[in-house]
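Here is query_8.cif, consisting of mmCIF, C-alpha atoms, pLDDT in the B column; chains and numbers go by the auth columns:
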```cif
data_upload
loop_
_atom_site.group_PDB
_atom_site.id
_atom_site.type_symbol
_atom_site.label_atom_id
_atom_site.label_comp_id
_atom_site.label_asym_id
_atom_site.label_seq_id
_atom_site.Cartn_x
_atom_site.Cartn_y
_atom_site.Cartn_z
_atom_site.B_iso_or_equiv
_atom_site.auth_seq_id
_atom_site.auth_asym_id
ATOM 1 C CA MET A 1 0.000 0.000 0.000 32.00 1307 A
ATOM 2 C CA THR A 2 1.866 3.001 -1.216 35.00 1308 A
ATOM 3 C CA SER A 3 0.713 6.500 -1.695 35.00 1309 A
ATOM 4 C CA GLY A 4 1.737 8.931 -4.355 39.00 1310 A
ATOM 5 C CA GLN A 5 0.142 11.723 -2.368 43.00 1311 A
ATOM 6 C CA GLY A 6 2.064 11.382 0.885 55.00 1312 A
ATOM 7 C CA ALA A 7 -0.979 10.169 2.800 78.00 1313 A
ATOM 8 C CA ALA A 8 0.493 6.837 3.925 78.00 1314 A
ATOM 9 C CA GLY A 9 0.132 6.249 7.643 90.00 1315 A
ATOM 10 C CA LYS A 10 -2.803 8.617 8.041 95.00 1316 A
ATOM 11 C CA THR A 11 -6.193 7.670 9.426 96.00 1317 A
ATOM 12 C CA ALA A 12 -9.743 8.308 8.305 97.00 1318 A
ATOM 13 C CA VAL A 13 -13.140 7.827 9.832 98.00 1319 A
ATOM 14 C CA LEU A 14 -16.272 7.272 7.790 98.00 1320 A
ATOM 15 C CA VAL A 15 -19.331 8.460 9.681 98.00 1321 A
ATOM 16 C CA LEU A 16 -22.444 6.551 8.640 98.00 1322 A
ATOM 17 C CA GLY A 17 -25.935 7.367 9.760 91.00 1323 A
ATOM 18 C CA CYS A 18 -29.181 5.617 8.986 91.00 1324 A
ATOM 19 C CA PRO A 19 -28.683 3.380 5.941 92.00 1325 A
ATOM 20 C CA GLN A 20 -32.053 4.408 4.505 93.00 1326 A
ATOM 21 C CA VAL A 21 -30.455 5.394 1.175 95.00 1327 A
ATOM 22 C CA PRO A 22 -29.091 2.246 -0.511 95.00 1328 A
ATOM 23 C CA VAL A 23 -25.870 3.744 -1.913 97.00 1329 A
ATOM 24 C CA GLN A 24 -24.373 4.442 1.526 97.00 1330 A
ATOM 25 C CA THR A 25 -22.949 0.955 2.161 97.00 1331 A
ATOM 26 C CA GLY A 26 -21.528 0.491 -1.334 96.00 1332 A
ATOM 27 C CA ILE A 27 -19.895 3.921 -1.411 97.00 1333 A
ATOM 28 C CA ALA A 28 -18.474 3.407 2.089 98.00 1334 A
ATOM 29 C CA LEU A 29 -16.844 0.129 1.019 97.00 1335 A
ATOM 30 C CA TYR A 30 -15.564 1.762 -2.168 97.00 1336 A
ATOM 31 C CA LEU A 31 -14.135 4.711 -0.248 98.00 1337 A
ATOM 32 C CA MET A 32 -12.388 2.394 2.228 97.00 1338 A
ATOM 33 C CA SER A 33 -10.849 0.562 -0.736 96.00 1339 A
ATOM 34 C CA GLN A 34 -9.592 3.796 -2.262 96.00 1340 A
ATOM 35 C CA LEU A 35 -8.201 5.031 1.049 96.00 1341 A
ATOM 36 C CA ARG A 36 -6.442 1.714 1.665 94.00 1342 A
ATOM 37 C CA LYS A 37 -4.757 2.014 -1.750 94.00 1343 A
ATOM 38 C CA ARG A 38 -3.359 5.337 -0.532 94.00 1344 A
ATOM 39 C CA GLY A 39 -2.075 3.852 2.722 93.00 1345 A
ATOM 40 C CA ILE A 40 -4.821 5.406 4.845 95.00 1346 A
ATOM 41 C CA SER A 41 -6.439 3.171 7.461 94.00 1347 A
ATOM 42 C CA SER A 42 -10.182 3.585 7.893 94.00 1348 A
ATOM 43 C CA THR A 43 -12.533 3.306 10.833 97.00 1349 A
ATOM 44 C CA ILE A 44 -16.295 3.094 10.478 98.00 1350 A
ATOM 45 C CA ALA A 45 -18.388 5.029 12.995 98.00 1351 A
ATOM 46 C CA GLY A 46 -22.068 4.364 12.598 97.00 1352 A
ATOM 47 C CA ASN A 47 -25.368 3.463 14.106 96.00 1353 A
ATOM 48 C CA ARG A 48 -26.087 -0.225 14.653 96.00 1354 A
ATOM 49 C CA ALA A 49 -27.844 -0.815 11.323 97.00 1355 A
ATOM 50 C CA ALA A 50 -25.099 0.911 9.304 97.00 1356 A
ATOM 51 C CA ARG A 51 -22.361 -0.996 11.149 97.00 1357 A
ATOM 52 C CA LEU A 52 -24.084 -4.343 10.603 96.00 1358 A
ATOM 53 C CA LEU A 53 -24.552 -3.689 6.880 96.00 1359 A
ATOM 54 C CA ILE A 54 -20.855 -2.887 6.525 96.00 1360 A
ATOM 55 C CA GLU A 55 -19.770 -5.923 8.549 96.00 1361 A
ATOM 56 C CA VAL A 56 -22.046 -8.285 6.610 96.00 1362 A
ATOM 57 C CA SER A 57 -20.883 -6.786 3.305 95.00 1363 A
ATOM 58 C CA ASP A 58 -17.195 -7.326 4.112 94.00 1364 A
ATOM 59 C CA PRO A 59 -17.133 -10.490 6.271 94.00 1365 A
ATOM 60 C CA GLU A 60 -13.451 -11.201 5.574 95.00 1366 A
ATOM 61 C CA ARG A 61 -12.610 -7.601 6.487 92.00 1367 A
ATOM 62 C CA HIS A 62 -10.747 -6.847 3.301 91.00 1368 A
ATOM 63 C CA TYR A 63 -11.549 -3.156 3.634 90.00 1369 A
ATOM 64 C CA ILE A 64 -12.773 -2.552 7.154 89.00 1370 A
ATOM 65 C CA SER A 65 -10.718 -2.818 10.283 88.00 1371 A
ATOM 66 C CA GLU A 66 -12.248 -0.989 13.212 95.00 1372 A
ATOM 67 C CA VAL A 67 -15.982 -0.451 13.537 97.00 1373 A
ATOM 68 C CA MET A 68 -17.339 1.689 16.346 97.00 1374 A
ATOM 69 C CA ASP A 69 -20.606 3.090 17.621 97.00 1375 A
ATOM 70 C CA LEU A 70 -21.406 6.571 16.322 97.00 1376 A
ATOM 71 C CA ASP A 71 -22.153 7.963 19.784 96.00 1377 A
ATOM 72 C CA ARG A 72 -18.889 6.549 21.146 97.00 1378 A
ATOM 73 C CA TYR A 73 -17.007 8.203 18.278 98.00 1379 A
ATOM 74 C CA ILE A 74 -18.541 11.590 19.141 97.00 1380 A
ATOM 75 C CA ALA A 75 -17.808 11.070 22.857 98.00 1381 A
ATOM 76 C CA ASP A 76 -14.209 10.093 22.108 97.00 1382 A
ATOM 77 C CA LEU A 77 -13.761 13.236 19.994 97.00 1383 A
ATOM 78 C CA ALA A 78 -15.265 15.402 22.733 97.00 1384 A
ATOM 79 C CA ASP A 79 -13.023 13.816 25.365 97.00 1385 A
ATOM 80 C CA LYS A 80 -9.962 14.096 23.079 96.00 1386 A
ATOM 81 C CA LYS A 81 -9.459 10.308 23.282 97.00 1387 A
ATOM 82 C CA ARG A 82 -9.340 9.858 19.503 95.00 1388 A
ATOM 83 C CA GLN A 83 -8.274 11.857 16.518 95.00 1389 A
ATOM 84 C CA PHE A 84 -8.295 11.177 12.805 97.00 1390 A
ATOM 85 C CA ASP A 85 -6.652 12.879 9.857 96.00 1391 A
ATOM 86 C CA TYR A 86 -9.778 12.737 7.702 97.00 1392 A
ATOM 87 C CA HIS A 87 -13.467 12.827 8.651 98.00 1393 A
ATOM 88 C CA PHE A 88 -15.800 11.654 5.873 98.00 1394 A
ATOM 89 C CA VAL A 89 -19.419 12.195 6.923 98.00 1395 A
ATOM 90 C CA PHE A 90 -22.158 10.564 4.858 98.00 1396 A
ATOM 91 C CA ILE A 91 -25.156 12.912 4.687 98.00 1397 A
ATOM 92 C CA HIS A 92 -28.617 12.376 3.245 97.00 1398 A
ATOM 93 C CA ASN A 93 -30.769 14.152 5.838 96.00 1399 A
ATOM 94 C CA ASP A 94 -30.663 16.776 8.583 95.00 1400 A
ATOM 95 C CA ALA A 95 -29.290 14.283 11.127 96.00 1401 A
ATOM 96 C CA GLY A 96 -26.223 13.819 8.919 97.00 1402 A
ATOM 97 C CA VAL A 97 -25.793 17.600 8.740 98.00 1403 A
ATOM 98 C CA SER A 98 -25.926 17.744 12.548 97.00 1404 A
ATOM 99 C CA TYR A 99 -23.299 15.016 12.921 97.00 1405 A
ATOM 100 C CA ALA A 100 -21.014 16.739 10.426 98.00 1406 A
ATOM 101 C CA ALA A 101 -21.393 20.078 12.238 98.00 1407 A
ATOM 102 C CA THR A 102 -20.618 18.374 15.547 98.00 1408 A
ATOM 103 C CA VAL A 103 -17.507 16.700 14.155 98.00 1409 A
ATOM 104 C CA GLN A 104 -16.269 19.954 12.640 97.00 1410 A
ATOM 105 C CA ALA A 105 -16.874 21.863 15.887 97.00 1411 A
ATOM 106 C CA LEU A 106 -15.134 19.229 18.025 97.00 1412 A
ATOM 107 C CA THR A 107 -12.115 18.710 15.774 96.00 1413 A
ATOM 108 C CA GLN A 108 -11.741 22.079 14.042 95.00 1414 A
ATOM 109 C CA LYS A 109 -10.691 20.008 11.012 94.00 1415 A
ATOM 110 C CA THR A 110 -12.159 20.140 7.551 93.00 1416 A
ATOM 111 C CA VAL A 111 -14.988 17.644 7.270 97.00 1417 A
ATOM 112 C CA ILE A 112 -15.545 15.977 3.920 98.00 1418 A
ATOM 113 C CA ALA A 113 -19.328 15.902 3.536 98.00 1419 A
ATOM 114 C CA LEU A 114 -20.560 13.203 1.154 98.00 1420 A
ATOM 115 C CA ILE A 115 -24.040 14.475 0.322 98.00 1421 A
ATOM 116 C CA TYR A 116 -26.379 12.201 -1.611 97.00 1422 A
ATOM 117 C CA GLY A 117 -29.978 11.136 -1.926 96.00 1423 A
ATOM 118 C CA GLU A 118 -33.073 12.353 -3.697 95.00 1424 A
ATOM 119 C CA HIS A 119 -32.904 15.859 -2.171 96.00 1425 A
ATOM 120 C CA PHE A 120 -29.135 16.270 -1.947 97.00 1426 A
ATOM 121 C CA GLN A 121 -29.183 19.941 -2.985 97.00 1427 A
ATOM 122 C CA ASP A 122 -31.683 20.875 -0.277 97.00 1428 A
ATOM 123 C CA VAL A 123 -29.656 18.983 2.327 97.00 1429 A
ATOM 124 C CA ALA A 124 -26.443 20.668 1.147 97.00 1430 A
ATOM 125 C CA GLY A 125 -28.175 24.041 1.566 97.00 1431 A
ATOM 126 C CA GLU A 126 -28.597 23.309 5.278 97.00 1432 A
ATOM 127 C CA ILE A 127 -24.835 23.215 5.827 97.00 1433 A
ATOM 128 C CA GLU A 128 -23.648 26.436 7.435 96.00 1434 A
ATOM 129 C CA PHE A 129 -20.177 25.406 8.602 96.00 1435 A
ATOM 130 C CA PRO A 130 -16.906 25.070 6.692 95.00 1436 A
ATOM 131 C CA CYS A 131 -16.489 21.731 4.932 97.00 1437 A
ATOM 132 C CA GLU A 132 -15.635 20.154 1.609 97.00 1438 A
ATOM 133 C CA LYS A 133 -18.810 19.036 -0.157 97.00 1439 A
ATOM 134 C CA VAL A 134 -18.930 16.041 -2.473 98.00 1440 A
ATOM 135 C CA MET A 135 -22.475 15.943 -3.821 97.00 1441 A
ATOM 136 C CA ALA A 136 -24.528 13.851 -6.214 97.00 1442 A
ATOM 137 C CA LYS A 137 -28.073 12.685 -6.730 97.00 1443 A
ATOM 138 C CA ALA A 138 -27.388 9.091 -5.788 96.00 1444 A
ATOM 139 C CA VAL A 139 -30.095 6.919 -4.275 96.00 1445 A
ATOM 140 C CA HIS A 140 -29.961 3.446 -5.835 96.00 1446 A
ATOM 141 C CA ASN A 141 -27.192 4.013 -8.378 97.00 1447 A
ATOM 142 C CA PRO A 142 -23.839 4.695 -6.674 97.00 1448 A
ATOM 143 C CA MET A 143 -22.057 5.821 -9.851 98.00 1449 A
ATOM 144 C CA PRO A 144 -22.799 9.572 -9.664 97.00 1450 A
ATOM 145 C CA LEU A 145 -21.353 9.775 -6.149 97.00 1451 A
ATOM 146 C CA LYS A 146 -18.486 7.393 -6.983 98.00 1452 A
ATOM 147 C CA ASN A 147 -17.535 9.539 -9.978 97.00 1453 A
ATOM 148 C CA LYS A 148 -17.565 12.728 -7.870 97.00 1454 A
ATOM 149 C CA LEU A 149 -15.501 10.997 -5.195 97.00 1455 A
ATOM 150 C CA ASP A 150 -12.984 9.836 -7.807 97.00 1456 A
ATOM 151 C CA GLU A 151 -12.599 13.451 -8.965 96.00 1457 A
ATOM 152 C CA VAL A 152 -11.905 14.929 -5.545 96.00 1458 A
ATOM 153 C CA LEU A 153 -10.244 12.167 -3.512 96.00 1459 A
ATOM 154 C CA PRO A 154 -6.712 12.778 -4.850 95.00 1460 A
ATOM 155 C CA TRP A 155 -7.054 16.456 -3.939 94.00 1461 A
ATOM 156 C CA VAL A 156 -8.556 15.671 -0.511 93.00 1462 A
ATOM 157 C CA VAL A 157 -5.762 13.328 0.561 90.00 1463 A
ATOM 158 C CA SER A 158 -3.098 15.682 -0.802 90.00 1464 A
ATOM 159 C CA ASN A 159 -4.414 18.927 0.657 89.00 1465 A
ATOM 160 C CA LEU A 160 -6.237 18.242 3.912 84.00 1466 A
#
```
If you took the structure in this file and wrote it as structure tokens, what would it be?
Amino acid sequence: MTSGQGAAGKTAVLVLGCPQVPVQTGIALYLMSQLRKRGISSTIAGNRAARLLIEVSDPERHYISEVMDLDRYIADLADKKRQFDYHFVFIHNDAGVSYAATVQALTQKTVIALIYGEHFQDVAGEIEFPCEKVMAKAVHNPMPLKNKLDEVLPWVVSNL
């Protein structure tokens, strides 16, 4: 696992909320694969349903290593017990916006907001804090969000 961008040895967390929108699990696994190729280890922080979908989808743990409860992740950030180089927050509703705002406020780092779903533009309009937005109308078909992610990921890992 080498990195042309100098990101090797860094860590990322993927924050997953309710898996109501089907593309979330597939894009999370894809993102973990792309981060691993760059030498970045990934942790999943999510609610129980999101964690179980990820664990069932990657039973041999080719892409996932650590999986943790979303509330524990927030508590660990607040208590300064954990830190990550990259915070990717999956957002398809106002709860996702709230989690992203909380992460940004606790870490003072740039959050990468992956905004998707039927009403992705409306949800993106709710964001009033600094972050990098990766947006696409992706509900059942992951390709629009995957393509956007492919465009920006080299920049993200090189510049944040």
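Under the PyMOL selection byres ((chain A and resi 1325) around 10), the matching residues in the shown file are A:Leu1322, A:Gly1323, A:Cys1324, A:Gln1326, A:Val1327, A:Pro1328, A:Val1329, A:Gln1330, A:Thr1331, A:Gly1352, A:Asn1353, A:Arg1354, A:Ala1355, A:Ala1356, A:Arg1357, A:Leu1359, A:Phe1396, A:His1398.
Running the PyMOL selection byres ((chain A and resi 1342-1346) around 7) on this file leaves A:Met1307, A:Thr1308, A:Ser1309, A:Ala1313, A:Ala1314, A:Gly1315, A:Lys1316, A:Thr1317, A:Ala1318, A:Met1338, A:Ser1339, A:Gln1340, A:Leu1341, A:Ser1347, A:Ser1348 selected.
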With 6 Å added on each side, what axis-aligned box encloses every listed atom of segment 1418-1427 of chain A? Give the centre and edge lengths in Å to one decimal, as JSON.
```
{"center_x": -24.3, "center_y": 15.5, "center_z": 0.1, "size_x": 29.5, "size_y": 20.8, "size_z": 19.6}
```
Identify which of the residues A:Phe1435, A:Trp1461, A:Tyr1422, A:Tyr1405 lies closest to Pro1448 of chain A, counting only C-alpha atoms when measuring atom-to-atom distances.
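The answer is A:Tyr1422, which sits nearest to Pro1448 of chain A.
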Target residues per the PyMOL selection byres ((chain A and resi 1440) around 7), formatted as a short mmCIF file (atom, residue, chain, number, x, y, z; two decimals) with C-alpha atoms, keeping the file's coordinate frame:
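The new file result16.cif reads:
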```
data_model
loop_
_atom_site.label_atom_id
_atom_site.label_comp_id
_atom_site.auth_asym_id
_atom_site.auth_seq_id
_atom_site.Cartn_x
_atom_site.Cartn_y
_atom_site.Cartn_z
CA ALA A 1419 -19.33 15.90 3.54
CA LEU A 1420 -20.56 13.20 1.15
CA ILE A 1421 -24.04 14.48 0.32
CA GLU A 1438 -15.64 20.15 1.61
CA LYS A 1439 -18.81 19.04 -0.16
CA MET A 1441 -22.48 15.94 -3.82
CA LYS A 1454 -17.57 12.73 -7.87
CA LEU A 1455 -15.50 11.00 -5.20
#
```
Exercise: Glu1434 of chain A partners within 10 Å, all atoms listed in the file, chain neighbours under 3 positions left out, as number ranges by chain
A: 1403, 1407, 1430-1431, 1437
With C-alpha atoms retained, write the just-selected residues as a PDB file, in the frame of the given file.
```pdb
ATOM      1  CA  VAL A1403     -25.793  17.600   8.740  1.00 98.00           C
ATOM      2  CA  ALA A1407     -21.393  20.078  12.238  1.00 98.00           C
ATOM      3  CA  ALA A1430     -26.443  20.668   1.147  1.00 97.00           C
ATOM      4  CA  GLY A1431     -28.175  24.041   1.566  1.00 97.00           C
ATOM      5  CA  CYS A1437     -16.489  21.731   4.932  1.00 97.00           C
TER       6      CYS A1437
END
```
Neighbours of Arg1378 of chain A within 12 Å (only C-alpha atoms; same-chain residues fewer than 2 positions away dropped), as JSON, numbers by chain?
{"A": [1321, 1350, 1351, 1352, 1353, 1354, 1373, 1374, 1375, 1376, 1380, 1381, 1382, 1383, 1384, 1385, 1386, 1387, 1388]}
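Among the candidates A:Asp1428, A:Leu1320, A:Thr1408, A:Gly1332, the one nearest to Tyr1392 of chain A when counting only C-alpha atoms is A:Leu1320.
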I'd like to know which of A:Leu1335, A:Tyr1379, A:Glu1432, A:Asn1465 is closest to Val1362 of chain A, using all atoms listed in the file.
A:Leu1335
So how far away is atom CA of Ala1334 of chain A from atom CA of Phe1394 of chain A, in Å?
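According to the coordinates, atom CA of Phe1394 of chain A and atom CA of Ala1334 of chain A are separated by 9.5 Å.
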Compare A:Glu1372, A:Glu1424, A:Asp1364, A:Ile1433 by their minimum atom-to-atom distance to Gly1402 of chain A, counting all atoms listed in the file, and give me the closest one.
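Distance minimum relative to Gly1402 of chain A lands on A:Ile1433.
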Please report the interatomic distance between atom CA of Ala1406 of chain A and atom CA of Ile1333 of chain A in Å with one decimal.
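Computing the Euclidean distance for atom CA of Ala1406 of chain A and atom CA of Ile1333 of chain A yields 17.5 Å.
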Top pick for closest residue to Gly1423 of chain A, considering A:Ile1360, A:Ala1411, A:Val1463, A:Val1445 and counting all atoms listed in the file:
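Distance minimum relative to Gly1423 of chain A lands on A:Val1445.
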Using only C-alpha atoms, the residue out of A:Val1458, A:Thr1349, A:Leu1451, A:Pro1436 with shortest distance to Tyr1369 of chain A is A:Thr1349
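In this model, the gap between atom CA of Phe1390 of chain A and atom CA of Lys1415 of chain A comes to 9.3 Å.
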